[in-house]
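Take a look at the structure set out below.
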Amino acid sequence: MRRDVRILLLGEAQVGKTSLILSLVGEEFPEEVPARAEEITIPADVTPEKVPTHIVDYSESEQTDEELQDEIHKANVVCVVYDVSEEATIEKIRTKWIPLVNGRTGSGPRVPIILVGNKSDLRPGSSMEAVLPIMSQFPEIETCVECSAKHLRNISELFYYAQKAVLHPTAPLYDPETKQLTPKCAQALTRIFKLSDQDLDNSLSDEELNAFQKSCFGHPLAPQALEDVKRVVCKNVPGGVQDDRLTLDGFLFLNTLFIQRGRHETTWAILRRFGYSDMLELTTDYLFPPLHVPPGCSTELNHHGYQFVQQVFEKHDQDCDGALSLEELQNLFSVFPVAPWGPELPHTVRTDSGRLPLHGYLCQWTLVTYLDVQHCLEHLGYLGYPTLCEQESQAQAITVTREKRLDQEKGQTQRNVLMCKVVGAQGVGKSSFLQAFLGHSLGHHYMDGQTPCLFVSSKADLPEGVAPPGLSPAEFCRRHRLPAPALFSCQGPALLNTDIFTRLATMAAFPHLAHSELHHTSFWLRGMLIAVGAAVAAVLSFSLYRVLVKSR
Ligand code: GTP
Ligand code: MG
């Protein structure tokens, strides 16, 4: 929503533009007025919509055409003033003023216009008959208001309508010609409907409607109001209410009704609460809320985050088989502009014959949060996290961990997600090694001094080849005080041997042990380590459990 509003008054000479402005400010009719009032700014707290509002006068006798064009360019809304007692000033709206304001914009966004019929004290009837054809000719005319600067009638209303035309514009929401929601508005409201339909039955129960109302407006509907809403929909839309639940058609009709009754702010409140801008796009502020991740820290979903994504999973696991089929996953992503996880899923998490089990699904969230937290924030935004969980932003679903350096100093970590780097020459089988566990590889060097390192001899099923000249891997490890190479093979039964991964997780979780003991100890101290090893293994199974399971 805009942070300020600039209202420009235009119209023929002597229609009362300056008098209207000075009547508003002085709360009495000024008998004598200058040709042009000074620009005034009304502070936010005294305006109905709580935004600072600038009001700008125009006088043909004081301003050039260039100055006029410049003012039109700067205005957020234009009030075209006419004199209800002077038919000629009405005719000029059509022939002069509207073409002047919007004539050059072509098919681009038009400046909203309010028609203002002043001097209503001079005419007993209404000027509406003459004005209605103009209103239907120009869709940018938001509304028409008759007023009198002299009798102080409808003056503050006129400025309120002008303010509202800017803050809650009609054009993005509604097409007055077809009397329907614009396609973009219908699309946004459909997405909001899907997010609010918690049991995915394509309708909103009383409970869902109340939760929706609460997340948008801060309080549930009174039971009577709920019944009234359903009655109005029932009367107007066939199929708008089914089994006492509001359908999508009913929901869209309700919003059309708000707009047709001049209550745009209601529909705008819903759209903005779900992150939409005035152009009906999700805003960058909404999709990417600030989240500070200092160097050396990592990002993990916290219990709010896991709870939310698990609820989303359960909502879409329609057949309750504990896994999402392709179709169920597509449905989950129907509130995204494009599906974020595609055919590569089986290469990043464990899937089960084309279906994504809860564990794999949570692991994928874990992975995205760790590797690409901006995408994680964006995805949670598409899923409506801040609105549905009534939280300030998606950042509340994320924990930023302590710096790695501090973990190393203290010899312990609170992290639930740890990174293991796999390095090795081209073609040695790194990817196969990882694919065996369905992890994710990020290349770097093993000897950064702090990171525990394990050599994996892959393709161990093959006969040993002729050793190349130079150090053998085993000798290399011995000299560098690294653990002896671990043999590994992807050949053989599909049931994988997780020992090596368990070992890696231990090394990652207890880097100080891996280092101080494996790195710097003499041979006989290593004998000690084997004894310590039993204790480590016990803690280790707990730690692995933490890595793989607790993340649920
Ligand atoms: P320009 O500055 O020449 O463009 O005119 P303007 O549109 O600013 O009109 P202005 O406020 O100067 O008013 C023109 C005349 O209309 C003055 O004599 C006002 O007193 C009179 N007038 C303004 N508003 C009303 C009204 O509501 N009723 C009546 N009866 N007279 C009004
Ligand atoms: Mg004037």
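In the structure tokens, the first chain shown is A, the next is B, and so on; residue numbers restart at 1 for each chain, and ligands run from 1 in the order shown.
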Wanna dump the chain A-ligand 1 contacts at 8 Å for me, each residue with its shortest atom pair and the distance in Å to one decimal, counting only C-alpha atoms and all ligand atoms, ordered by chain and number, as JSON lines?
```
{"residue": "A:Leu10", "atom": "CA", "partner": "ligand 1", "partner_atom_place_in_ligand_line": "7 (O)", "distance": 7.9}
{"residue": "A:Gly11", "atom": "CA", "partner": "ligand 1", "partner_atom_place_in_ligand_line": "7 (O)", "distance": 6.7}
{"residue": "A:Glu12", "atom": "CA", "partner": "ligand 1", "partner_atom_place_in_ligand_line": "4 (O)", "distance": 6.0}
{"residue": "A:Ala13", "atom": "CA", "partner": "ligand 1", "partner_atom_place_in_ligand_line": "4 (O)", "distance": 3.4}
{"residue": "A:Gln14", "atom": "CA", "partner": "ligand 1", "partner_atom_place_in_ligand_line": "5 (O)", "distance": 3.4}
{"residue": "A:Val15", "atom": "CA", "partner": "ligand 1", "partner_atom_place_in_ligand_line": "7 (O)", "distance": 4.1}
{"residue": "A:Gly16", "atom": "CA", "partner": "ligand 1", "partner_atom_place_in_ligand_line": "9 (O)", "distance": 3.2}
{"residue": "A:Lys17", "atom": "CA", "partner": "ligand 1", "partner_atom_place_in_ligand_line": "7 (O)", "distance": 3.8}
{"residue": "A:Thr18", "atom": "CA", "partner": "ligand 1", "partner_atom_place_in_ligand_line": "8 (O)", "distance": 3.8}
{"residue": "A:Ser19", "atom": "CA", "partner": "ligand 1", "partner_atom_place_in_ligand_line": "11 (O)", "distance": 3.6}
{"residue": "A:Leu20", "atom": "CA", "partner": "ligand 1", "partner_atom_place_in_ligand_line": "24 (N)", "distance": 6.4}
{"residue": "A:Phe29", "atom": "CA", "partner": "ligand 1", "partner_atom_place_in_ligand_line": "24 (N)", "distance": 7.9}
{"residue": "A:Pro30", "atom": "CA", "partner": "ligand 1", "partner_atom_place_in_ligand_line": "20 (O)", "distance": 7.0}
{"residue": "A:Glu31", "atom": "CA", "partner": "ligand 1", "partner_atom_place_in_ligand_line": "20 (O)", "distance": 5.4}
{"residue": "A:Glu32", "atom": "CA", "partner": "ligand 1", "partner_atom_place_in_ligand_line": "20 (O)", "distance": 6.6}
{"residue": "A:Val33", "atom": "CA", "partner": "ligand 1", "partner_atom_place_in_ligand_line": "12 (O)", "distance": 5.7}
{"residue": "A:Pro34", "atom": "CA", "partner": "ligand 1", "partner_atom_place_in_ligand_line": "12 (O)", "distance": 6.7}
{"residue": "A:Ala35", "atom": "CA", "partner": "ligand 1", "partner_atom_place_in_ligand_line": "2 (O)", "distance": 4.0}
{"residue": "A:Arg36", "atom": "CA", "partner": "ligand 1", "partner_atom_place_in_ligand_line": "2 (O)", "distance": 5.5}
{"residue": "A:Asp57", "atom": "CA", "partner": "ligand 1", "partner_atom_place_in_ligand_line": "8 (O)", "distance": 7.7}
{"residue": "A:Tyr58", "atom": "CA", "partner": "ligand 1", "partner_atom_place_in_ligand_line": "4 (O)", "distance": 6.7}
{"residue": "A:Ser59", "atom": "CA", "partner": "ligand 1", "partner_atom_place_in_ligand_line": "4 (O)", "distance": 4.6}
{"residue": "A:Glu60", "atom": "CA", "partner": "ligand 1", "partner_atom_place_in_ligand_line": "4 (O)", "distance": 6.0}
{"residue": "A:Ser61", "atom": "CA", "partner": "ligand 1", "partner_atom_place_in_ligand_line": "3 (O)", "distance": 7.0}
{"residue": "A:Val81", "atom": "CA", "partner": "ligand 1", "partner_atom_place_in_ligand_line": "7 (O)", "distance": 7.7}
{"residue": "A:Asn118", "atom": "CA", "partner": "ligand 1", "partner_atom_place_in_ligand_line": "27 (O)", "distance": 5.4}
{"residue": "A:Lys119", "atom": "CA", "partner": "ligand 1", "partner_atom_place_in_ligand_line": "27 (O)", "distance": 3.5}
{"residue": "A:Ser120", "atom": "CA", "partner": "ligand 1", "partner_atom_place_in_ligand_line": "27 (O)", "distance": 6.4}
{"residue": "A:Asp121", "atom": "CA", "partner": "ligand 1", "partner_atom_place_in_ligand_line": "28 (N)", "distance": 5.8}
{"residue": "A:Leu122", "atom": "CA", "partner": "ligand 1", "partner_atom_place_in_ligand_line": "30 (N)", "distance": 5.7}
{"residue": "A:Cys147", "atom": "CA", "partner": "ligand 1", "partner_atom_place_in_ligand_line": "27 (O)", "distance": 7.0}
{"residue": "A:Ser148", "atom": "CA", "partner": "ligand 1", "partner_atom_place_in_ligand_line": "27 (O)", "distance": 3.7}
{"residue": "A:Ala149", "atom": "CA", "partner": "ligand 1", "partner_atom_place_in_ligand_line": "27 (O)", "distance": 3.7}
{"residue": "A:Lys150", "atom": "CA", "partner": "ligand 1", "partner_atom_place_in_ligand_line": "27 (O)", "distance": 4.0}
{"residue": "A:His151", "atom": "CA", "partner": "ligand 1", "partner_atom_place_in_ligand_line": "27 (O)", "distance": 6.5}
{"residue": "A:Leu152", "atom": "CA", "partner": "ligand 1", "partner_atom_place_in_ligand_line": "27 (O)", "distance": 7.6}
```
With C-alpha atoms kept, could you save the residues just selected as a CSV table (one decimal), in the first residue's frame?
```csv
chain,number,residue,atom,x,y,z
A,10,LEU,CA,-8.8,20.2,-11.8
A,11,GLY,CA,-11.7,21.7,-13.6
A,12,GLU,CA,-13.0,24.8,-15.3
A,13,ALA,CA,-12.3,28.2,-13.8
A,14,GLN,CA,-14.7,29.4,-11.1
A,15,VAL,CA,-16.2,25.9,-10.3
A,16,GLY,CA,-14.9,26.3,-6.7
A,17,LYS,CA,-11.7,24.2,-6.6
A,18,THR,CA,-9.9,26.7,-4.3
A,19,SER,CA,-13.0,27.2,-2.1
A,20,LEU,CA,-13.3,23.4,-1.6
A,29,PHE,CA,-16.6,28.7,3.6
A,30,PRO,CA,-14.2,31.4,2.6
A,31,GLU,CA,-15.9,34.4,1.0
A,32,GLU,CA,-12.7,35.6,-0.6
A,33,VAL,CA,-10.2,33.1,-2.1
A,34,PRO,CA,-6.9,33.5,-4.0
A,35,ALA,CA,-6.8,32.1,-7.5
A,36,ARG,CA,-4.7,29.1,-6.3
A,57,ASP,CA,-4.9,23.2,-6.4
A,58,TYR,CA,-4.8,24.2,-10.1
A,59,SER,CA,-5.4,27.6,-11.6
A,60,GLU,CA,-5.4,28.2,-15.3
A,61,SER,CA,-4.6,31.9,-14.7
A,81,VAL,CA,-14.6,19.5,-10.3
A,118,ASN,CA,-19.7,21.5,-6.4
A,119,LYS,CA,-22.2,24.2,-5.6
A,120,SER,CA,-25.0,21.7,-4.8
A,121,ASP,CA,-26.6,24.5,-2.8
A,122,LEU,CA,-27.4,26.3,-6.1
A,147,CYS,CA,-21.0,18.7,-2.5
A,148,SER,CA,-21.1,22.3,-1.6
A,149,ALA,CA,-18.1,24.3,-0.4
A,150,LYS,CA,-20.5,27.0,0.8
A,151,HIS,CA,-22.7,24.7,3.0
A,152,LEU,CA,-19.7,22.5,3.9
```
Counting only C-alpha atoms, give me one row per residue of range 234-316 of chain A with an atom at most 12 Å from an atom of range 123-146 of chain A, showing the shortest contact pair and its distance in Å to one decimal, sorted by chain then residue number, as a Markdown table.
```
| residue | atom | partner | partner_atom | distance |
| --- | --- | --- | --- | --- |
| A:Ile259 | CA | A:Glu142 | CA | 11.3 |
| A:Gln260 | CA | A:Glu142 | CA | 11.3 |
| A:Arg261 | CA | A:Thr143 | CA | 11.6 |
| A:Gly262 | CA | A:Thr143 | CA | 9.2 |
| A:His264 | CA | A:Glu142 | CA | 11.2 |
```
What would the file look like if the residues just selected were written as a tab-separated table (two decimals), in the first residue's frame with C-alpha atoms?
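Once written, again_18.tsv looks like this:
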```tsv
chain	number	residue	atom	x	y	z
A	259	ILE	CA	-16.30	-4.26	-4.48
A	260	GLN	CA	-19.67	-3.50	-6.05
A	261	ARG	CA	-20.76	-2.01	-2.73
A	262	GLY	CA	-17.66	0.21	-2.57
A	264	HIS	CA	-12.81	-2.52	-1.81
```
Please identify which residues in range 283-532 of chain A DSSP calls strand (DSSP E or B) from the backbone, and express them as a CSV table (one decimal) with C-alpha atoms, in the first residue's frame.
```csv
chain,number,residue,atom,x,y,z
A,299,THR,CA,20.1,-22.3,8.7
A,300,GLU,CA,17.6,-24.9,9.8
A,301,LEU,CA,13.9,-25.2,10.0
A,323,ALA,CA,3.6,-40.5,0.9
A,324,LEU,CA,2.8,-37.9,-1.7
A,352,ASP,CA,9.6,-44.7,-2.8
A,355,ARG,CA,6.1,-41.3,-4.3
A,356,LEU,CA,7.6,-38.9,-1.8
A,357,PRO,CA,7.3,-40.3,1.8
A,398,ILE,CA,14.0,-20.6,10.6
A,399,THR,CA,16.7,-21.0,13.2
A,400,VAL,CA,20.1,-19.5,12.5
A,456,VAL,CA,36.6,-43.6,0.8
A,457,SER,CA,37.9,-46.2,-1.6
A,486,ALA,CA,37.1,-47.0,4.1
A,487,LEU,CA,36.2,-49.5,1.5
```
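As for CA of Leu332 in chain A and CA of Gln187 in chain A, they are spaced 16.2 Å apart.
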Inset, instruction - Give the answer as one residue: which of A:Leu9, A:Phe433, A:Pro469, A:Lys50 has the shortest atom-to-atom distance to ligand 2, using only C-alpha atoms and all ligand atoms? - result: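 Closest candidate: A:Leu9.
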Legend entry - alpha helix (DSSP H) call set, DSSP backbone run, range 86-163 of chain A, as an MDAnalysis selection string: chainID A and resid 87:92 98:102 128:137 155:163
Legend entry - Among listed residues A:Glu62, A:Arg479, A:Phe501, A:Lys74, nearest ligand 2 (using only C-alpha atoms and all ligand atoms):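 The closest residue to ligand 2 is A:Glu62.
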Inset, instruction - Give me the residues within 12 Å of Pro52 in chain A as a list in words, counting only C-alpha atoms and dropping any in the same chain fewer than 5 places off. - result: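 With the cut-off at 12 Å, the set is Arg2, Arg3, Asp4, Val5, Arg6, Ile7, Ile40, Thr41, Ile42, Pro43, Ala44, Asp45, Val46, Thr47, Gln163 and Leu167 of chain A.
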Give me a file of those residues, with C-alpha atoms, as an mmCIF file, in the first residue's frame.
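After the write, again_12.cif holds the following:
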```cif
data_model
loop_
_atom_site.group_PDB
_atom_site.id
_atom_site.type_symbol
_atom_site.label_atom_id
_atom_site.label_comp_id
_atom_site.auth_asym_id
_atom_site.auth_seq_id
_atom_site.Cartn_x
_atom_site.Cartn_y
_atom_site.Cartn_z
ATOM 1 C CA ARG A 2 1.169 3.535 -0.763
ATOM 2 C CA ARG A 3 2.802 5.536 2.023
ATOM 3 C CA ASP A 4 1.295 8.890 0.960
ATOM 4 C CA VAL A 5 -1.392 10.233 -1.332
ATOM 5 C CA ARG A 6 -1.298 13.217 -3.678
ATOM 6 C CA ILE A 7 -4.685 14.603 -4.708
ATOM 7 C CA ILE A 40 -1.325 21.515 1.834
ATOM 8 C CA THR A 41 -0.358 18.310 3.611
ATOM 9 C CA ILE A 42 -2.767 16.635 5.982
ATOM 10 C CA PRO A 43 -0.882 14.600 8.604
ATOM 11 C CA ALA A 44 -1.494 10.863 8.664
ATOM 12 C CA ASP A 45 -3.209 10.719 12.041
ATOM 13 C CA VAL A 46 -6.109 12.975 11.035
ATOM 14 C CA THR A 47 -6.885 11.173 7.762
ATOM 15 C CA GLN A 163 -7.739 8.854 -0.684
ATOM 16 C CA LEU A 167 -5.080 3.180 -1.395
#
```
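Contact shell of Pro183 in chain A at 12 Å (only C-alpha atoms; same-chain neighbours under 4 positions omitted): Ala171, Pro172, Leu173, Tyr174, Asp175, Thr178, Gln187, Ala188, Leu189, Thr190, Leu252 and Leu280 of chain A.
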Legend entry - Minimum-distance residue to Gln213 in chain A, chosen among A:Leu68, A:Leu388, A:Asp317, A:Leu358 (using only C-alpha atoms): A:Leu388
Legend entry - Which residue of A:Trp365, A:Thr351, A:Glu38, A:Val237 approaches ligand 2 most closely, using only C-alpha atoms and all ligand atoms: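 Of A:Trp365, A:Thr351, A:Glu38, A:Val237, the one nearest ligand 2, counting only C-alpha atoms and all ligand atoms, is A:Glu38.
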Inset, instruction - Name all residues at most 10 Å from range 293-296 of chain A (count only C-alpha atoms; drop same-chain ones fewer than 4 positions away) and give them as a count of residues only. - result: 9
